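Working notes for the structure below.
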Amino acid sequence: MGPDTRHSLQLEVMPLTGGFLPLPTVRLSRYIPANKEPANRLLNAGSGLPRLEPFAVGQVYSASRGQQVHVLAATAPGGGGSDGPSRVL
């Protein structure tokens, strides 16, 4: 992949509360697969395991950083609504 390679990522999240909520912070990392070569095992003891490596500064741009979304609170079933307050008879 070259330096001008672009990828788009879409996530779906479910809020647990209502209100003006910040968009969730997402941390992206590069996946480094396990090293299959047994040579130099003593020198690079940790290189035989898969790992996540953070991207360098400027490699990932978050266009939604600092944005908020307005989440409407859920209403209880039968608890009012647009046709007026509930009445108990």
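Please note that chains go A, B, ... in the order of the structure tokens, that every chain numbers its residues from 1, and that ligands are numbered from 1 in the order shown.
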Would you kindly return, as a PDB file with all heavy atoms, in the first residue's frame, each protein, DNA or RNA residue with an atom no farther than 6 Å from any atom of Leu21 in chain A, considering only C-alpha atoms and excluding same-chain residues fewer than 2 positions away?
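The new file out22.pdb reads:
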ATOM      1  N   GLY A  19     -29.420  11.866  24.823  1.00  0.00           N
ATOM      2  CA  GLY A  19     -28.805  13.173  24.999  1.00  0.00           C
ATOM      3  C   GLY A  19     -27.838  13.486  23.872  1.00  0.00           C
ATOM      4  O   GLY A  19     -27.795  12.801  22.858  1.00  0.00           O
ATOM      5  N   GLN A  68     -20.656  15.500  17.918  1.00  0.00           N
ATOM      6  CA  GLN A  68     -21.662  14.901  18.785  1.00  0.00           C
ATOM      7  C   GLN A  68     -22.850  14.448  17.958  1.00  0.00           C
ATOM      8  O   GLN A  68     -23.076  14.902  16.849  1.00  0.00           O
ATOM      9  CB  GLN A  68     -22.158  15.910  19.824  1.00  0.00           C
ATOM     10  CG  GLN A  68     -21.133  16.289  20.855  1.00  0.00           C
ATOM     11  CD  GLN A  68     -21.738  17.224  21.881  1.00  0.00           C
ATOM     12  OE1 GLN A  68     -22.656  17.973  21.599  1.00  0.00           O
ATOM     13  NE2 GLN A  68     -21.194  17.184  23.088  1.00  0.00           N
ATOM     14  N   VAL A  69     -23.610  13.545  18.553  1.00  0.00           N
ATOM     15  CA  VAL A  69     -24.834  13.077  17.930  1.00  0.00           C
ATOM     16  C   VAL A  69     -25.946  13.213  18.964  1.00  0.00           C
ATOM     17  O   VAL A  69     -25.724  13.015  20.157  1.00  0.00           O
ATOM     18  CB  VAL A  69     -24.684  11.612  17.427  1.00  0.00           C
ATOM     19  CG1 VAL A  69     -24.379  10.666  18.556  1.00  0.00           C
ATOM     20  CG2 VAL A  69     -25.895  11.168  16.657  1.00  0.00           C
TER      21      VAL A  69
END
Contact residues around Ala63 in chain A with only C-alpha atoms at 12 Å, ignoring same-chain residues under 5 positions, as a PDB file with all heavy atoms, in the first residue's frame:
ATOM      1  N   SER A   8     -11.977   3.366   3.903  1.00  0.00           N
ATOM      2  CA  SER A   8     -13.112   3.899   4.642  1.00  0.00           C
ATOM      3  C   SER A   8     -13.586   2.830   5.611  1.00  0.00           C
ATOM      4  O   SER A   8     -13.642   1.647   5.267  1.00  0.00           O
ATOM      5  CB  SER A   8     -14.234   4.265   3.672  1.00  0.00           C
ATOM      6  OG  SER A   8     -15.341   4.744   4.380  1.00  0.00           O
ATOM      7  N   LEU A   9     -13.927   3.247   6.820  1.00  0.00           N
ATOM      8  CA  LEU A   9     -14.358   2.322   7.857  1.00  0.00           C
ATOM      9  C   LEU A   9     -15.681   2.797   8.407  1.00  0.00           C
ATOM     10  O   LEU A   9     -15.863   3.989   8.669  1.00  0.00           O
ATOM     11  CB  LEU A   9     -13.311   2.274   8.975  1.00  0.00           C
ATOM     12  CG  LEU A   9     -13.604   1.386  10.147  1.00  0.00           C
ATOM     13  CD1 LEU A   9     -13.549  -0.078   9.726  1.00  0.00           C
ATOM     14  CD2 LEU A   9     -12.608   1.643  11.253  1.00  0.00           C
ATOM     15  N   LEU A  23     -19.315  11.257  19.661  1.00  0.00           N
ATOM     16  CA  LEU A  23     -19.084  10.027  18.906  1.00  0.00           C
ATOM     17  C   LEU A  23     -17.981   9.245  19.600  1.00  0.00           C
ATOM     18  O   LEU A  23     -17.046   9.830  20.151  1.00  0.00           O
ATOM     19  CB  LEU A  23     -18.694  10.357  17.466  1.00  0.00           C
ATOM     20  CG  LEU A  23     -19.803  10.975  16.623  1.00  0.00           C
ATOM     21  CD1 LEU A  23     -19.273  11.337  15.237  1.00  0.00           C
ATOM     22  CD2 LEU A  23     -20.974  10.035  16.492  1.00  0.00           C
ATOM     23  N   THR A  25     -14.688   7.227  20.638  1.00  0.00           N
ATOM     24  CA  THR A  25     -13.295   7.259  20.213  1.00  0.00           C
ATOM     25  C   THR A  25     -12.905   5.880  19.713  1.00  0.00           C
ATOM     26  O   THR A  25     -13.166   4.882  20.379  1.00  0.00           O
ATOM     27  CB  THR A  25     -12.380   7.666  21.379  1.00  0.00           C
ATOM     28  OG1 THR A  25     -12.792   8.944  21.851  1.00  0.00           O
ATOM     29  CG2 THR A  25     -10.933   7.725  20.949  1.00  0.00           C
ATOM     30  N   VAL A  26     -12.340   5.826  18.547  1.00  0.00           N
ATOM     31  CA  VAL A  26     -11.919   4.558  17.944  1.00  0.00           C
ATOM     32  C   VAL A  26     -10.409   4.613  17.764  1.00  0.00           C
ATOM     33  O   VAL A  26      -9.878   5.564  17.200  1.00  0.00           O
ATOM     34  CB  VAL A  26     -12.615   4.326  16.584  1.00  0.00           C
ATOM     35  CG1 VAL A  26     -12.115   3.058  15.925  1.00  0.00           C
ATOM     36  CG2 VAL A  26     -14.118   4.280  16.773  1.00  0.00           C
TER      37      VAL A  26
END
Practice item. Identify which of the residues A:Pro22, A:Pro15, A:Asp4, A:Pro50 lies closest to Asn35 in chain A, counting only C-alpha atoms when measuring atom-to-atom distances. Key: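 Looking only at the distances to Asn35 in chain A, the closest residue turns out to be A:Pro50.
Rounded to one decimal, CA of Arg30 in chain A and CA of Arg51 in chain A lie 8.4 Å from each other.
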Exercise for review: May I ask for the distance between CA of Leu28 in chain A and CA of Leu52 in chain A, given in Å to one decimal place?
Suggested key: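 Between CA of Leu28 in chain A and CA of Leu52 in chain A the gap works out to 9.2 Å.
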